[in-house]
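S.K.: The following block contains the structure, expressed as structure tokens.
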Amino acid sequence: MRNSKMKALLVLVTAVLLAMLLTFIAQSGHNNLPELSTFAICAIVTFVIQWCVFIPSYLLKTERVYDLTGSLTFIIVIFVAINSQQTVSITSILLAAMVVAWAARLGTFLFLRINNTGVDGRFDDIKPDKYRFFSAWTLQGLWILIMASAALTVISSPQAARIDALTLVGVAIWLIGFAIEVIADQQKTRFKQDPLNQGQFIQTGLWAYSRHPNYFGEIVLWIGVAIAAYPALEGWQLITLSSPLFIILLLTKVSGIPMLEKRADEKWANNPDYQKYITTTPVLIPRINCRWG
């Protein structure tokens, strides 16, 4: 218990310090900003929402609204940033629309999924420990702030961002990534709903070209957001463009692919079709010629 308490404190301090650093970076280069900038307000709102929802979630020992809360927080802070500006540029509107559309779709999808399954395996060992569970909510707040930092920096800037050709390129890349993620999620949902596929693994559709096409789409769309924001950023603000690197690290090394691959290996370790699938299908980046009969 003492160990988890110390780790929770470390997570909290680290998250707050990183949030302060991001706030400093976001407002760098702007003079005459109010003492509490829009980005700072968004950071505070982000963490306060997570901690407030953590309380009933811990008392009820449930993770049902974890992902939904994260998605709603994205939407809330984007609207906070938009409403803070007297005039809103087209670039800001595009960035806001991309983040809100992604968050609304993914939040709805994940909430409906956990309502059907009842549990999220990621939290089996975390929920009983209030300190570890609190850390999960704190880390979600940090994840939200990091991922939205480029968009929030542009939107909350006192200088209206001019639309650039690169911004439109970013929007196009975002559309591609968003489509891949949505299609992959829908294909897997339909696969699981078919009684004939009970106990089987999906290897059709986009899943024939990548073992995690939904994650690939997620990474691509955040790259699109970063590219769209790039022309309106300057100096230290360019550090906020590292959000795609963060999501790549998160999905490939932390809570995404490693966890799912481990579960799949344990479940279908003796399935020859699965063994053939993992040896011929890339983990993340699709390879068109990887389909097998």
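Order determines the names: the first chain of the structure tokens is A, the second B, and so forth; residues in each chain are numbered 1 upward, and ligands are numbered 1 upward as they are shown.
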Need to verify the contact set: A:Thr38, 7 Å, only C-alpha atoms, exclusion of same-chain residues closer than 2 positions in sequence. Can you return it as number ranges by chain?
M.R.: A: 36, 40-42, 81, 84, 156
S.K.: Could you turn the residues from that selection into a file that holds C-alpha atoms, as a PDB file, in the first residue's frame?
M.R.:
```pdb
ATOM      1  CA  LEU A  36      -3.887  32.624 -16.123  1.00  0.00           C
ATOM      2  CA  ALA A  40      -3.537  26.950 -18.244  1.00  0.00           C
ATOM      3  CA  ILE A  41      -7.300  27.007 -17.698  1.00  0.00           C
ATOM      4  CA  CYS A  42      -7.685  24.045 -20.063  1.00  0.00           C
ATOM      5  CA  ALA A  81     -10.324  27.299 -25.813  1.00  0.00           C
ATOM      6  CA  SER A  84     -11.930  32.195 -24.948  1.00  0.00           C
ATOM      7  CA  SER A 156      -5.813  29.736 -27.662  1.00  0.00           C
TER       8      SER A 156
END
```
S.K.: Can you build me a table of stretch 146-226 of chain A residues sitting at most 12 Å from stretch 116-131 of chain A, with the closest atom pair per residue and its distance in Å to one decimal, using only C-alpha atoms, sorted by chain and residue number, as CSV?
M.R.:
```
residue,atom,partner,partner_atom,distance
A:Thr189,CA,A:Asn116,CA,11.1
A:Lys192,CA,A:Thr117,CA,11.4
A:Gln193,CA,A:Asn116,CA,10.8
```
S.K.: Residues of stretch 76-187 of chain A that have any atom at most 9 Å from an atom of stretch 205-208 of chain A: could you tabulate them with the shortest-distance atom pair and the distance in Å to one decimal, using only C-alpha atoms, ordered by chain and increasing number, as CSV?
M.R.:
```
residue,atom,partner,partner_atom,distance
A:Ile180,CA,A:Leu206,CA,8.1
A:Ile183,CA,A:Leu206,CA,7.9
A:Ala184,CA,A:Leu206,CA,6.1
A:Gln187,CA,A:Gly205,CA,7.0
```
S.K.: Rounded to one decimal in Å, what is the spacing between atom CA of A:Gly141 and atom CA of A:Gln85?
M.R.: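 Answer for the atom CA of A:Gly141 to atom CA of A:Gln85 separation: 23.3 Å.
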S.K.: In Å to one decimal, how far is atom CA of A:Thr281 from atom CA of A:Thr204?
M.R.: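 Computing it gives 11.2 Å between the two atoms.
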S.K.: Near A:Gln159, counting only C-alpha atoms, which residues have an atom at most 10 Å away, once you skip same-chain residues fewer than 3 positions from it, shown as a list of chain:residue names?
M.R.: A:His30, A:Gln85, A:Thr87, A:Val88, A:Ser89, A:Val154, A:Ile155, A:Ser156, A:Arg162, A:Ala232
S.K.: Extract, using only C-alpha atoms, all DNA, RNA and protein residues at most 6 Å from stretch 49-66 of chain A, discarding same-chain residues fewer than 3 positions from it, and format them as a list in words.
M.R.: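 Final neighbour list, sorted by chain and number: Thr46, Thr69, Lys127 and Trp137 of chain A.
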S.K.: Do you know which residues are at most 8 Å from A:Ala103 counting only C-alpha atoms, after dropping those on the same chain fewer than 2 positions away, and could you put them as a list of chain:residue names?
M.R.: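 Using only C-alpha atoms, the neighbours found are A:Ser71, A:Leu72, A:Phe74, A:Ile75, A:Val99, A:Val100, A:Ala101, A:Arg105, A:Leu106, A:Gly107.
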S.K.: Write out, as CSV, each residue of stretch 149-209 of chain A that has an atom at most 9 Å from stretch 236-241 of chain A, together with the closest pair of atoms and their distance in Å to one decimal, counting only C-alpha atoms, rows going by chain and rising number.
M.R.:
```
residue,atom,partner,partner_atom,distance
A:Ser149,CA,A:Thr240,CA,5.7
A:Ala150,CA,A:Thr240,CA,4.9
A:Ala151,CA,A:Thr240,CA,8.7
A:Thr153,CA,A:Gln237,CA,7.5
```
S.K.: Could you save the residues just selected, with N, CA and C atoms, as a short mmCIF file (atom, residue, chain, number, x, y, z; two decimals), in the first residue's frame?
M.R.:
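Printed below is out_15.cif as written:
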```
data_model
loop_
_atom_site.label_atom_id
_atom_site.label_comp_id
_atom_site.auth_asym_id
_atom_site.auth_seq_id
_atom_site.Cartn_x
_atom_site.Cartn_y
_atom_site.Cartn_z
N SER A 149 -2.38 19.31 -27.08
CA SER A 149 -1.56 20.50 -26.87
C SER A 149 -1.35 21.33 -28.14
N ALA A 150 -1.08 20.68 -29.26
CA ALA A 150 -0.85 21.44 -30.50
C ALA A 150 -2.11 22.20 -30.90
N ALA A 151 -3.24 21.51 -30.89
CA ALA A 151 -4.50 22.15 -31.26
C ALA A 151 -4.86 23.27 -30.28
N THR A 153 -2.85 25.00 -28.40
CA THR A 153 -1.90 26.11 -28.54
C THR A 153 -2.32 27.04 -29.67
#
```
S.K.: Restricting the calculation to only C-alpha atoms, which member of A:Val77, A:Ala43, A:Ala26, A:Leu284 is positioned closest to A:Glu234?
M.R.: A:Ala26
S.K.: Restricting the calculation to only C-alpha atoms, which member of A:Val254, A:Ile202, A:Ala160, A:Met98 is positioned closest to A:Gly177?
M.R.: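 Answer, going by the shortest atom-to-atom distance: A:Met98.
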S.K.: Residues within 7 Å of A:Trp222, please, as an MDAnalysis selection string. Count only C-alpha atoms; anything in the same chain fewer than 3 positions from it doesn't count.
M.R.: chainID A and resid 174 218:219 225:226 244
S.K.: With only C-alpha atoms as the atoms that count, which of A:Leu9, A:Val80, A:Leu152, A:Val16 lies nearest to A:Leu233?
M.R.: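 Closest to A:Leu233, using only C-alpha atoms: A:Leu152.
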S.K.: What is the atom CA of A:Ser243-atom CA of A:Ile278 distance in Å, reported with one decimal?
M.R.: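 These two atoms are separated by 28.6 Å.
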S.K.: Can you work out which one of A:Leu139, A:Ala179, A:Ala161, A:Val169 has the shortest atom-to-atom distance to A:Tyr215, counting only C-alpha atoms?
M.R.: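 Of A:Leu139, A:Ala179, A:Ala161, A:Val169, the one nearest A:Tyr215, counting only C-alpha atoms, is A:Ala179.
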S.K.: Mind the document's chain letters and residue numbers, and return as an NGL selection string the residues of stretch 28-270 of chain A that DSSP labels alpha helix (DSSP H).
M.R.: :A and (38-59 or 66-83 or 90-117 or 130-155 or 165-193 or 213-229 or 243-249 or 257-267)
